[in-house]
Amino acid sequence: MSSPPYRLAFALHGHAADVRSLCAPSPEIPLLLSASRDGSAIVWGPSSKSKEWDVKLRVEGPEKRFVSCVGLTRWNGQAFLLIGSQSGILASYTLPSPDSPPPTDDAPLQEPHHTLVEHRQNLCCLDTSKGGLIATGSWDKTVIVWKDYKRVLTIEGHEQAIWAVKFVGEDRLLTASADKKITLHSLDVSSGRSTPLQTYSGHTEPVRGLSLKPDGTGFWSCANDGNINIYSFDQPSPKTTLSGHTSFVYSISAFPDGSGAISTGEDGTLRVWSETDLVQTIPHTSNSLWSSAIVPSGLATPYIASSSSDSSIRFFTKEERLIASAEERAEWDKEVSGRQLDKSQVGDVKQSDLPGIEALGREGKKDGQVIMIKNNGVVEAYQWSQPTSTWQQIGQVVDAIGQGRKQLYEGQEYDYVFDVDVSEGMPPLKLPYNVSENPWIAAQKFLDRNELPSTYCEQVVEFIQKNTNGVSLGQPSGGNDFVDPFTGGSRYTGAASSNAGPSYGGGDPYTGSGAYSSSPAPPAQKSNGILPVKTYLSFKQMNVNAAKGKISQLNDEVKASNPDLAISDEEEKTLNEIYALLSSPAVSLPSPNTKDSKQRYDPNVFLGLVGKWPEDKRFPLIDLARCLAPISPLFGSSPSAPKVFIEACALDTPWQSSKARETNTLLSLRGLANLFSTANGRSTISEAENAKSVLSILSGFDWSIWGVRKVVVATIALNYSIVAATSKLPAQVAGDLLNLISKVLQNETDDVETIYRASVALGNLLVSPLAGSLQVGLIQEAKSNISSLANVKGEKRLKDLAKEIEGLGV
């Protein structure tokens with residue numbers, strides 16, 4: 001009698017973005033670890049209330065950057081959760097006892113017990129040995145082996161990013177890389193040396209995953225070539241190659257009983273294998289299944305689990321008592337059958353060549369076989385399930401019938417949906433584009449959506465222009481030889497709008513994800529270029545723990561010299577609430593456009609503390625205010641916030657240079673720029689008295705004193721110009737804004753970024769409803785300065801903008 005198939009058991013929804021890594025640390029203990037692009041890692045365990053699992057521990061990664069991998073180790077008798085982050089940091093967190101109750105929603109997040117900074121790029125894989133060793137692999141092409149949280153040796157043999165590491169006992173380590181190679185190393189921890197023993201060939205693309213055979217004779221591997229290989233340790237070529245996946249294979253996990261393995265990949269399937277055959281294919285609702293795990297269930301057969309780009313973790317089981325209800329499984333099947341597949345997944349076919357529904361009456365040739373049929377004018381894809389001997393609908397095929405059709409992306413039609421490679425070994429990102437669009441706007445939307453720095457904007461524009469050259473509207477070329485635009489450059493290129501969603505940490509500090517989105521009044525003039533720009537710029541990055549420690553240290557110094565200025569109990573409570581807010585994942589923060597965020601701290605208590613501390617001690621408090629400004633609608637609603645930023649660095653007094661004042665000024669200016677990121681903050685800083693004060697103060701100083709702060713001054717002018725373009729800036733301050741912009745363009749000759757931002761600000765002002773009230777002579781002078789600077793600097797983005805501005809105004 002054949003074994004029953006795996007069926008859906010339940011799904012876990014604790015993450016808010018792609019779940020990139022799963023780890024079941026023990027074949028006996030029901031426990032699952034997960035790591036996500038939302039900046040968090042979660043420890044899951046069985047629930048006492050239902051068959052589903054609970055969150056036992058949730059932690060935030062260092063700097064709230066994407067968490068790439070997760071593991072577990074024991075040290076000094078205590079279990080520790082390990083996470084590797086996009087910033088290259090390895091961090092550990094104390095694991096609670098198995099009988100601990102689940103944490104409450106408002107429980108404070110645990111701080112790292114260890115924070116190890118050695119890797120220079122994304123720490124994307126880790127493994128632990130039974131003896132307590134830790135191995136980490138990174139995009140920096142190195143593997144580090146740690147003992148007692150200290151680096152004991154480094155392996156530098158691979159030519160590209162490391163994608164998988166796996167201990168073979170305590171003295172050997174397997175490493176897999178984007179250079180298509182797998183290497184077995186011997187480890188001598190005592191001497192800090194490693195020696196390559198064997199290199200394994202067989203994959204033709206980057207190797208993504210490794211899993212040991214439980215009998216100790218070899219291992220499984222998977223790669224971007226779509227294949228799964230099985231190796232013996234003593235042979236360089238694979239014993240067996242298994243094929244079935246139709247795209248990248250991201251993970252491989254061997255069953256502890258030696259019966260086979262499971263795999264997941266970019267084709268949206270979880271597959272079950274024996275050592276010779278594909279046993280079962282489980283289609284999902286999303287394409288990217290990043291990871292898989294064999295998870296103990298407490299019964300005869302374990303769960304198998306997958307993690308997805310839709311932020312979910314799904315468990316499947318053979319145990320009848322663990323399967324989901326009939327209603328839940330029916331809903332799951334409906335979701336899978338409604339999935340939209342594009343021609344890149346199933347091929348480009350003609351509807352006239354397809355059979356009708358009668359094709360489903362014939363048996364499939366093997367598990368996972370996909371056919372397409374024509375059903376009432378709709379192209380449907382079906383997959384053969386060998387265990388159940390049935391065809392299962394896995395989606396409707398869109399854009400699969402010939403060339404020249406619109407392509408769908410997130411439910412919208414586009415002339416093009418390009419695949420853009422941004423990192424070696426990573427699946428391409430989707431870049432949708434209509435020929436009628438301004439390429440600068442499409443590029444900025446693409447960067448915002450994928451949380452990529454705006455420094456790449458010009459390269460993306462060049463990429464779009466190259467790959468749409470000579471193509472008429474609605475007639476894509478159908479070619480696939482796209483050029484990768486990511487070649488560097490440090491610049492900001494404005495976009496007319498920003499559809500950026502929530503940021504999950506690690507974003508570029510010069511872009512804001514919370515642009516004001518109310519429909520603006522019709523501008524005074526229409527521009528065919530990038531104007532008006534509506535992407536507010538901000539300076540958000542911060543190490544909260546470092547600021548917290550510095551404030552505590554400085555408070556001890558203040559207490560010793562002037563006890564009356566020390567932090568009070570009420571201020572301490574307010575600071576703790578602020579630390580918790582700043583440590584929260586971005587996805588849990590209130591919408592920047594909400595008026596009432598129901599946040600718990602008192603901004604006036606905090607702002608009072610900023611103002612009363614001595615000038616040489618207040619910089620970490622200003623830094624907290626700077627970081628509250630772009631994420632806290634409550635902070636932005638405080639009428640005194642702009643004034644506190646000005647007074648915190650004495651901007652309302654004549655300039656006298658000192659280290660404390662220069663630091664305070666930089667942070668305060670960034671805070672003023674950040675206020676524009678929330679609707680409340682924009683309203684406060686754009687109120688006539690506040691706006692006039694800020695703009696006149698910034699214009700009043702000699703330009704030479706700004707130094708490294710000049711780009712922030714230009715950013716404040718740019719953000720005010722966006723308010724003007726959306727008809728929200730009081731008419732009486734338009735002249736003050738023009739004066740500041742003119743001062744920048746008259747005096748700045750070196751920094752192109754500062755020049756560009758001031759030029760965008762002028763352009764916005766000229767297409768705003770306030771353009772008619774501006775001084776004609778000052779406009780002409782500013783336009784002339786931009787043209788001269790564009791010619792001298794020679795940058796394309798600046799020259800294009802200068803040409804666009806030349807046709808505006810008088």
# chains A, B, ... in the order shown; residues from 1 in each chain; ligands from 1
call {"tool": "residues_around", "arguments": {"residues": "stretch 795-799 of chain A", "least_positions_apart": "2", "cutoff": "10 Å", "atoms": "only C-alpha atoms", "output": "list in words"}}
result
Trp440, Cys457, Glu458, Arg491, Tyr492, Thr493, Gly494, Val752, Glu753, Ile755, Tyr756, Arg757, Ser759, Val760, Ile786, Ser787, Ser788, Leu789, Ala790, Asn791, Val792, Lys793, Leu801, Ala802, Lys803, Glu804 and Ile805 of chain A
call {"tool": "residues_around", "arguments": {"residues": "stretch 245-248 of chain A", "least_positions_apart": "4", "cutoff": "8 Å", "atoms": "only C-alpha atoms", "output": "PDB file with N, CA, C and O atoms, in the first residue's frame"}}
result
ATOM      1  N   ALA A 223      20.309  23.980  -6.398  1.00  0.00           N
ATOM      2  CA  ALA A 223      20.954  25.112  -7.054  1.00  0.00           C
ATOM      3  C   ALA A 223      19.995  25.861  -7.961  1.00  0.00           C
ATOM      4  O   ALA A 223      18.867  25.422  -8.216  1.00  0.00           O
ATOM      5  N   ASN A 224      20.491  26.991  -8.470  1.00  0.00           N
ATOM      6  CA  ASN A 224      19.715  27.791  -9.409  1.00  0.00           C
ATOM      7  C   ASN A 224      19.518  27.104 -10.756  1.00  0.00           C
ATOM      8  O   ASN A 224      18.740  27.581 -11.582  1.00  0.00           O
ATOM      9  N   ASP A 225      20.236  26.014 -11.016  1.00  0.00           N
ATOM     10  CA  ASP A 225      20.033  25.289 -12.263  1.00  0.00           C
ATOM     11  C   ASP A 225      18.773  24.434 -12.248  1.00  0.00           C
ATOM     12  O   ASP A 225      18.456  23.755 -13.225  1.00  0.00           O
ATOM     13  N   GLY A 226      18.046  24.444 -11.123  1.00  0.00           N
ATOM     14  CA  GLY A 226      16.804  23.699 -11.016  1.00  0.00           C
ATOM     15  C   GLY A 226      16.978  22.252 -10.609  1.00  0.00           C
ATOM     16  O   GLY A 226      15.983  21.530 -10.467  1.00  0.00           O
ATOM     17  N   ASN A 227      18.226  21.822 -10.395  1.00  0.00           N
ATOM     18  CA  ASN A 227      18.489  20.416 -10.087  1.00  0.00           C
ATOM     19  C   ASN A 227      18.787  20.187  -8.616  1.00  0.00           C
ATOM     20  O   ASN A 227      19.232  21.092  -7.901  1.00  0.00           O
ATOM     21  N   GLY A 265      11.421  26.200  -4.119  1.00  0.00           N
ATOM     22  CA  GLY A 265      12.101  27.053  -5.075  1.00  0.00           C
ATOM     23  C   GLY A 265      11.248  28.170  -5.619  1.00  0.00           C
ATOM     24  O   GLY A 265      10.150  28.450  -5.131  1.00  0.00           O
ATOM     25  N   GLU A 266      11.762  28.796  -6.671  1.00  0.00           N
ATOM     26  CA  GLU A 266      11.133  29.961  -7.282  1.00  0.00           C
ATOM     27  C   GLU A 266       9.951  29.589  -8.176  1.00  0.00           C
ATOM     28  O   GLU A 266       9.244  30.468  -8.654  1.00  0.00           O
ATOM     29  N   ASP A 267       9.733  28.289  -8.399  1.00  0.00           N
ATOM     30  CA  ASP A 267       8.581  27.875  -9.199  1.00  0.00           C
ATOM     31  C   ASP A 267       7.311  27.732  -8.366  1.00  0.00           C
ATOM     32  O   ASP A 267       6.273  27.280  -8.853  1.00  0.00           O
ATOM     33  N   THR A 269       6.686  25.749  -5.740  1.00  0.00           N
ATOM     34  CA  THR A 269       6.321  24.399  -5.318  1.00  0.00           C
ATOM     35  C   THR A 269       7.219  23.897  -4.192  1.00  0.00           C
ATOM     36  O   THR A 269       8.403  24.237  -4.121  1.00  0.00           O
ATOM     37  N   GLN A 345       6.851  31.315 -16.547  1.00  0.00           N
ATOM     38  CA  GLN A 345       6.763  30.109 -15.736  1.00  0.00           C
ATOM     39  C   GLN A 345       6.284  28.899 -16.524  1.00  0.00           C
ATOM     40  O   GLN A 345       6.612  27.775 -16.188  1.00  0.00           O
ATOM     41  N   PRO A 427      17.112  35.840  -7.122  1.00  0.00           N
ATOM     42  CA  PRO A 427      16.160  35.905  -8.225  1.00  0.00           C
ATOM     43  C   PRO A 427      15.953  37.346  -8.652  1.00  0.00           C
ATOM     44  O   PRO A 427      16.092  38.265  -7.859  1.00  0.00           O
TER      45      PRO A 427
END
call {"tool": "select_by_dssp", "arguments": {"residues": "stretch 562-633 of chain A", "states": "alpha helix (DSSP H)", "output": "tab-separated table (two decimals) with C-alpha atoms, in the first residue's frame"}}
result
chain	number	residue	atom	x	y	z
A	569	ASP	CA	11.11	59.55	36.69
A	570	GLU	CA	8.54	60.92	34.25
A	571	GLU	CA	11.24	61.64	31.68
A	572	GLU	CA	12.72	58.16	32.20
A	573	LYS	CA	9.31	56.60	31.53
A	574	THR	CA	8.93	58.73	28.39
A	575	LEU	CA	12.40	57.75	27.15
A	576	ASN	CA	11.68	54.04	27.65
A	577	GLU	CA	8.48	54.37	25.62
A	578	ILE	CA	10.46	56.14	22.88
A	579	TYR	CA	13.15	53.44	22.86
A	580	ALA	CA	10.43	50.80	22.45
A	581	LEU	CA	8.84	52.75	19.61
A	582	LEU	CA	12.13	53.25	17.76
A	603	PRO	CA	6.32	64.40	23.16
A	604	ASN	CA	6.23	67.59	25.22
A	605	VAL	CA	7.96	65.88	28.18
A	606	PHE	CA	10.66	64.63	25.82
A	607	LEU	CA	11.09	67.96	24.00
A	608	GLY	CA	11.42	69.68	27.37
A	609	LEU	CA	14.28	67.34	28.25
A	610	VAL	CA	16.03	68.09	24.95
A	611	GLY	CA	15.92	71.79	25.68
A	612	LYS	CA	17.11	71.69	29.30
A	619	PHE	CA	23.28	65.46	21.01
A	620	PRO	CA	21.88	61.92	21.63
A	621	LEU	CA	18.56	63.45	22.69
A	622	ILE	CA	18.45	65.50	19.47
A	623	ASP	CA	19.23	62.28	17.61
A	624	LEU	CA	16.22	60.58	19.24
A	625	ALA	CA	14.07	63.52	18.17
A	626	ARG	CA	15.47	63.29	14.65
A	627	CYS	CA	14.42	59.63	14.44
A	628	LEU	CA	11.00	60.20	16.02
A	633	PRO	CA	2.63	61.30	13.89
call {"tool": "residues_around", "arguments": {"residues": "A:Asp596", "least_positions_apart": "5", "cutoff": "10 Å", "atoms": "only C-alpha atoms", "output": "NGL selection string"}}
result
:A and (590-591 or 633-634 or 637 or 680)
call {"tool": "atom_distance", "arguments": {"atom1": "atom CA of A:Ser186", "atom2": "atom CA of A:Leu174"}}
result
9.1 Å
call {"tool": "residues_around", "arguments": {"residues": "stretch 24-38 of chain A", "least_positions_apart": "5", "cutoff": "8 Å", "atoms": "only C-alpha atoms", "output": "MDAnalysis selection string"}}
result
chainID A and resid 15:19 43:46 65:72 83 256 293:298 311 504:505 585:587
call {"tool": "write_last_selection", "arguments": {"atoms": "N, CA and C atoms", "output": "PDB file, in the first residue's frame"}}
result
ATOM      1  N   HIS A  15       4.853  36.802  10.587  1.00  0.00           N
ATOM      2  CA  HIS A  15       5.767  37.747   9.948  1.00  0.00           C
ATOM      3  C   HIS A  15       5.007  38.698   9.032  1.00  0.00           C
ATOM      4  N   ALA A  16       5.663  39.798   8.671  1.00  0.00           N
ATOM      5  CA  ALA A  16       5.030  40.818   7.835  1.00  0.00           C
ATOM      6  C   ALA A  16       5.704  40.958   6.478  1.00  0.00           C
ATOM      7  N   ALA A  17       6.672  40.112   6.167  1.00  0.00           N
ATOM      8  CA  ALA A  17       7.341  40.152   4.867  1.00  0.00           C
ATOM      9  C   ALA A  17       7.918  38.762   4.596  1.00  0.00           C
ATOM     10  N   ASP A  18       8.638  38.620   3.476  1.00  0.00           N
ATOM     11  CA  ASP A  18       9.193  37.328   3.080  1.00  0.00           C
ATOM     12  C   ASP A  18       9.833  36.598   4.253  1.00  0.00           C
ATOM     13  N   VAL A  19       9.492  35.315   4.421  1.00  0.00           N
ATOM     14  CA  VAL A  19      10.159  34.484   5.424  1.00  0.00           C
ATOM     15  C   VAL A  19      11.306  33.770   4.696  1.00  0.00           C
ATOM     16  N   VAL A  43      10.644  32.170  17.242  1.00  0.00           N
ATOM     17  CA  VAL A  43      10.705  30.781  17.683  1.00  0.00           C
ATOM     18  C   VAL A  43       9.264  30.307  17.857  1.00  0.00           C
ATOM     19  N   TRP A  44       8.908  29.218  17.150  1.00  0.00           N
ATOM     20  CA  TRP A  44       7.556  28.668  17.184  1.00  0.00           C
ATOM     21  C   TRP A  44       7.549  27.332  17.905  1.00  0.00           C
ATOM     22  N   GLY A  45       6.443  27.052  18.617  1.00  0.00           N
ATOM     23  CA  GLY A  45       6.275  25.767  19.265  1.00  0.00           C
ATOM     24  C   GLY A  45       4.801  25.406  19.349  1.00  0.00           C
ATOM     25  N   PRO A  46       4.491  24.153  19.639  1.00  0.00           N
ATOM     26  CA  PRO A  46       3.090  23.710  19.694  1.00  0.00           C
ATOM     27  C   PRO A  46       2.284  24.534  20.689  1.00  0.00           C
ATOM     28  N   ARG A  65      17.698  45.398  10.274  1.00  0.00           N
ATOM     29  CA  ARG A  65      17.900  45.037   8.876  1.00  0.00           C
ATOM     30  C   ARG A  65      17.274  43.687   8.611  1.00  0.00           C
ATOM     31  N   PHE A  66      17.125  43.324   7.329  1.00  0.00           N
ATOM     32  CA  PHE A  66      16.549  42.040   6.977  1.00  0.00           C
ATOM     33  C   PHE A  66      17.290  40.929   7.710  1.00  0.00           C
ATOM     34  N   VAL A  67      16.546  39.991   8.276  1.00  0.00           N
ATOM     35  CA  VAL A  67      17.160  38.823   8.897  1.00  0.00           C
ATOM     36  C   VAL A  67      17.196  37.711   7.851  1.00  0.00           C
ATOM     37  N   SER A  68      18.390  37.213   7.560  1.00  0.00           N
ATOM     38  CA  SER A  68      18.591  36.299   6.435  1.00  0.00           C
ATOM     39  C   SER A  68      18.605  34.837   6.831  1.00  0.00           C
ATOM     40  N   CYS A  69      19.040  34.531   8.056  1.00  0.00           N
ATOM     41  CA  CYS A  69      19.167  33.139   8.447  1.00  0.00           C
ATOM     42  C   CYS A  69      19.027  33.017   9.956  1.00  0.00           C
ATOM     43  N   VAL A  70      18.791  31.798  10.416  1.00  0.00           N
ATOM     44  CA  VAL A  70      18.469  31.574  11.823  1.00  0.00           C
ATOM     45  C   VAL A  70      18.965  30.202  12.237  1.00  0.00           C
ATOM     46  N   GLY A  71      19.331  30.060  13.515  1.00  0.00           N
ATOM     47  CA  GLY A  71      19.789  28.775  14.035  1.00  0.00           C
ATOM     48  C   GLY A  71      19.708  28.756  15.551  1.00  0.00           C
ATOM     49  N   LEU A  72      20.191  27.680  16.140  1.00  0.00           N
ATOM     50  CA  LEU A  72      20.136  27.514  17.595  1.00  0.00           C
ATOM     51  C   LEU A  72      21.416  26.854  18.063  1.00  0.00           C
ATOM     52  N   ILE A  83      20.799  34.646  14.917  1.00  0.00           N
ATOM     53  CA  ILE A  83      20.297  35.208  13.667  1.00  0.00           C
ATOM     54  C   ILE A  83      21.428  35.916  12.923  1.00  0.00           C
ATOM     55  N   PRO A 256      15.027  12.793   8.489  1.00  0.00           N
ATOM     56  CA  PRO A 256      15.912  12.129   9.459  1.00  0.00           C
ATOM     57  C   PRO A 256      15.935  10.611   9.323  1.00  0.00           C
ATOM     58  N   ALA A 293      11.698  22.905   5.852  1.00  0.00           N
ATOM     59  CA  ALA A 293      12.191  22.246   7.067  1.00  0.00           C
ATOM     60  C   ALA A 293      11.369  21.000   7.328  1.00  0.00           C
ATOM     61  N   ILE A 294      12.023  19.992   7.900  1.00  0.00           N
ATOM     62  CA  ILE A 294      11.350  18.804   8.421  1.00  0.00           C
ATOM     63  C   ILE A 294      11.139  19.064   9.907  1.00  0.00           C
ATOM     64  N   VAL A 295       9.881  19.144  10.344  1.00  0.00           N
ATOM     65  CA  VAL A 295       9.570  19.608  11.691  1.00  0.00           C
ATOM     66  C   VAL A 295       8.926  18.478  12.498  1.00  0.00           C
ATOM     67  N   PRO A 296       9.497  18.126  13.667  1.00  0.00           N
ATOM     68  CA  PRO A 296       8.890  17.070  14.494  1.00  0.00           C
ATOM     69  C   PRO A 296       7.444  17.398  14.845  1.00  0.00           C
ATOM     70  N   SER A 297       6.588  16.386  14.788  1.00  0.00           N
ATOM     71  CA  SER A 297       5.167  16.583  15.079  1.00  0.00           C
ATOM     72  C   SER A 297       4.734  15.917  16.377  1.00  0.00           C
ATOM     73  N   GLY A 298       5.611  15.063  16.952  1.00  0.00           N
ATOM     74  CA  GLY A 298       5.216  14.299  18.120  1.00  0.00           C
ATOM     75  C   GLY A 298       4.525  12.994  17.764  1.00  0.00           C
ATOM     76  N   SER A 311       4.879  35.996   3.230  1.00  0.00           N
ATOM     77  CA  SER A 311       5.081  36.167   4.678  1.00  0.00           C
ATOM     78  C   SER A 311       4.547  35.004   5.503  1.00  0.00           C
ATOM     79  N   TYR A 504      11.169  47.819   5.700  1.00  0.00           N
ATOM     80  CA  TYR A 504      11.446  46.800   6.702  1.00  0.00           C
ATOM     81  C   TYR A 504      12.849  46.948   7.256  1.00  0.00           C
ATOM     82  N   GLY A 505      13.332  48.124   7.319  1.00  0.00           N
ATOM     83  CA  GLY A 505      14.634  48.344   7.922  1.00  0.00           C
ATOM     84  C   GLY A 505      15.710  48.408   6.875  1.00  0.00           C
ATOM     85  N   PRO A 585       9.463  47.063  14.679  1.00  0.00           N
ATOM     86  CA  PRO A 585       9.615  46.867  13.232  1.00  0.00           C
ATOM     87  C   PRO A 585       8.818  47.905  12.477  1.00  0.00           C
ATOM     88  N   ALA A 586       9.315  48.316  11.343  1.00  0.00           N
ATOM     89  CA  ALA A 586       8.661  49.383  10.589  1.00  0.00           C
ATOM     90  C   ALA A 586       7.225  49.029  10.241  1.00  0.00           C
ATOM     91  N   VAL A 587       6.975  47.730  10.019  1.00  0.00           N
ATOM     92  CA  VAL A 587       5.625  47.331   9.609  1.00  0.00           C
ATOM     93  C   VAL A 587       4.600  47.507  10.719  1.00  0.00           C
TER      94      VAL A 587
END
call {"tool": "closest_residue", "arguments": {"among": "A:Ser683, A:Ser3, A:Ser263, A:Thr726", "to": "A:Ser243", "atoms": "only C-alpha atoms"}}
result
A:Ser263
call {"tool": "residues_around", "arguments": {"residues": "A:Ile373", "least_positions_apart": "2", "cutoff": "6 Å", "atoms": "only C-alpha atoms", "output": "ChimeraX atom specification"}}
result
/A:354-356,379-380
call {"tool": "write_last_selection", "arguments": {"atoms": "N, CA, C and O atoms", "output": "PDB file, in the first residue's frame"}}
result
ATOM      1  N   LEU A 354      -3.795  24.539 -27.861  1.00  0.00           N
ATOM      2  CA  LEU A 354      -4.086  23.895 -26.593  1.00  0.00           C
ATOM      3  C   LEU A 354      -5.276  22.948 -26.683  1.00  0.00           C
ATOM      4  O   LEU A 354      -6.243  23.219 -27.406  1.00  0.00           O
ATOM      5  N   PRO A 355      -5.212  21.832 -25.926  1.00  0.00           N
ATOM      6  CA  PRO A 355      -6.370  20.937 -25.871  1.00  0.00           C
ATOM      7  C   PRO A 355      -7.446  21.533 -24.968  1.00  0.00           C
ATOM      8  O   PRO A 355      -7.216  22.498 -24.239  1.00  0.00           O
ATOM      9  N   GLY A 356      -8.641  20.934 -25.005  1.00  0.00           N
ATOM     10  CA  GLY A 356      -9.721  21.351 -24.144  1.00  0.00           C
ATOM     11  C   GLY A 356      -9.700  20.583 -22.840  1.00  0.00           C
ATOM     12  O   GLY A 356      -8.732  19.889 -22.496  1.00  0.00           O
ATOM     13  N   VAL A 379      -6.984  30.232 -20.401  1.00  0.00           N
ATOM     14  CA  VAL A 379      -5.911  29.243 -20.368  1.00  0.00           C
ATOM     15  C   VAL A 379      -5.655  28.870 -18.911  1.00  0.00           C
ATOM     16  O   VAL A 379      -5.315  29.728 -18.088  1.00  0.00           O
ATOM     17  N   GLU A 380      -5.833  27.594 -18.582  1.00  0.00           N
ATOM     18  CA  GLU A 380      -5.649  27.111 -17.218  1.00  0.00           C
ATOM     19  C   GLU A 380      -4.493  26.123 -17.166  1.00  0.00           C
ATOM     20  O   GLU A 380      -4.267  25.357 -18.104  1.00  0.00           O
TER      21      GLU A 380
END
call {"tool": "closest_residue", "arguments": {"among": "A:Pro112, A:Gly777, A:Pro432, A:Gly209", "to": "A:Asn229", "atoms": "only C-alpha atoms"}}
result
A:Gly209
call {"tool": "select_by_dssp", "arguments": {"residues": "stretch 37-238 of chain A", "states": "strand (DSSP E or B)", "output": "JSON, numbers by chain"}}
result
{"A": [40, 41, 42, 43, 44, 45, 46, 53, 54, 55, 56, 57, 58, 59, 60, 67, 68, 69, 70, 71, 72, 73, 74, 75, 78, 79, 80, 81, 82, 83, 84, 85, 89, 90, 91, 92, 93, 94, 114, 115, 116, 117, 123, 124, 125, 126, 127, 128, 134, 135, 136, 137, 138, 143, 144, 145, 146, 147, 150, 151, 152, 153, 154, 155, 162, 163, 164, 165, 166, 167, 172, 173, 174, 175, 176, 177, 182, 183, 184, 185, 186, 187, 188, 193, 194, 195, 196, 197, 198, 199, 200, 207, 208, 209, 210, 211, 212, 218, 219, 220, 221, 222, 223, 227, 228, 229, 230, 231, 232]}
call {"tool": "residues_around", "arguments": {"residues": "A:Ser693", "least_positions_apart": "3", "cutoff": "12 Å", "atoms": "only C-alpha atoms", "output": "JSON, numbers by chain"}}
result
{"A": [642, 643, 645, 646, 647, 651, 652, 672, 685, 686, 687, 688, 689, 690, 696, 697, 698, 699, 700, 733, 736, 737]}
call {"tool": "closest_residue", "arguments": {"among": "A:Asn719, A:Ser221, A:Ser194, A:Thr388", "to": "A:Lys534", "atoms": "only C-alpha atoms"}}
result
A:Asn719
call {"tool": "decode", "arguments": {"residues": "stretch 663-676 of chain A", "atoms": "N, CA and C atoms", "output": "mmCIF file, in the first residue's frame"}}
result
data_model
loop_
_atom_site.group_PDB
_atom_site.id
_atom_site.type_symbol
_atom_site.label_atom_id
_atom_site.label_comp_id
_atom_site.auth_asym_id
_atom_site.auth_seq_id
_atom_site.Cartn_x
_atom_site.Cartn_y
_atom_site.Cartn_z
ATOM 1 N N THR A 663 27.821 69.392 15.760
ATOM 2 C CA THR A 663 27.100 68.110 15.837
ATOM 3 C C THR A 663 25.616 68.338 16.047
ATOM 4 N N ASN A 664 25.285 69.195 17.004
ATOM 5 C CA ASN A 664 23.876 69.473 17.291
ATOM 6 C C ASN A 664 23.155 70.056 16.079
ATOM 7 N N THR A 665 23.875 70.905 15.320
ATOM 8 C CA THR A 665 23.255 71.536 14.148
ATOM 9 C C THR A 665 22.951 70.504 13.070
ATOM 10 N N LEU A 666 23.878 69.610 12.812
ATOM 11 C CA LEU A 666 23.646 68.573 11.804
ATOM 12 C C LEU A 666 22.420 67.734 12.168
ATOM 13 N N LEU A 667 22.341 67.303 13.434
ATOM 14 C CA LEU A 667 21.228 66.456 13.859
ATOM 15 C C LEU A 667 19.907 67.231 13.850
ATOM 16 N N SER A 668 19.946 68.491 14.262
ATOM 17 C CA SER A 668 18.722 69.299 14.284
ATOM 18 C C SER A 668 18.200 69.559 12.871
ATOM 19 N N LEU A 669 19.102 69.888 11.952
ATOM 20 C CA LEU A 669 18.678 70.101 10.569
ATOM 21 C C LEU A 669 18.060 68.836 9.992
ATOM 22 N N ARG A 670 18.659 67.701 10.280
ATOM 23 C CA ARG A 670 18.078 66.443 9.806
ATOM 24 C C ARG A 670 16.705 66.204 10.429
ATOM 25 N N GLY A 671 16.559 66.591 11.690
ATOM 26 C CA GLY A 671 15.257 66.469 12.329
ATOM 27 C C GLY A 671 14.206 67.322 11.653
ATOM 28 N N LEU A 672 14.577 68.566 11.289
ATOM 29 C CA LEU A 672 13.643 69.427 10.578
ATOM 30 C C LEU A 672 13.244 68.811 9.236
ATOM 31 N N ALA A 673 14.211 68.269 8.517
ATOM 32 C CA ALA A 673 13.905 67.607 7.239
ATOM 33 C C ALA A 673 12.975 66.422 7.455
ATOM 34 N N ASN A 674 13.180 65.679 8.536
ATOM 35 C CA ASN A 674 12.385 64.477 8.795
ATOM 36 C C ASN A 674 10.944 64.772 9.161
ATOM 37 N N LEU A 675 10.659 65.984 9.671
ATOM 38 C CA LEU A 675 9.290 66.321 10.053
ATOM 39 C C LEU A 675 8.325 66.229 8.876
ATOM 40 N N PHE A 676 8.838 66.370 7.664
ATOM 41 C CA PHE A 676 7.967 66.337 6.486
ATOM 42 C C PHE A 676 7.450 64.928 6.183
#
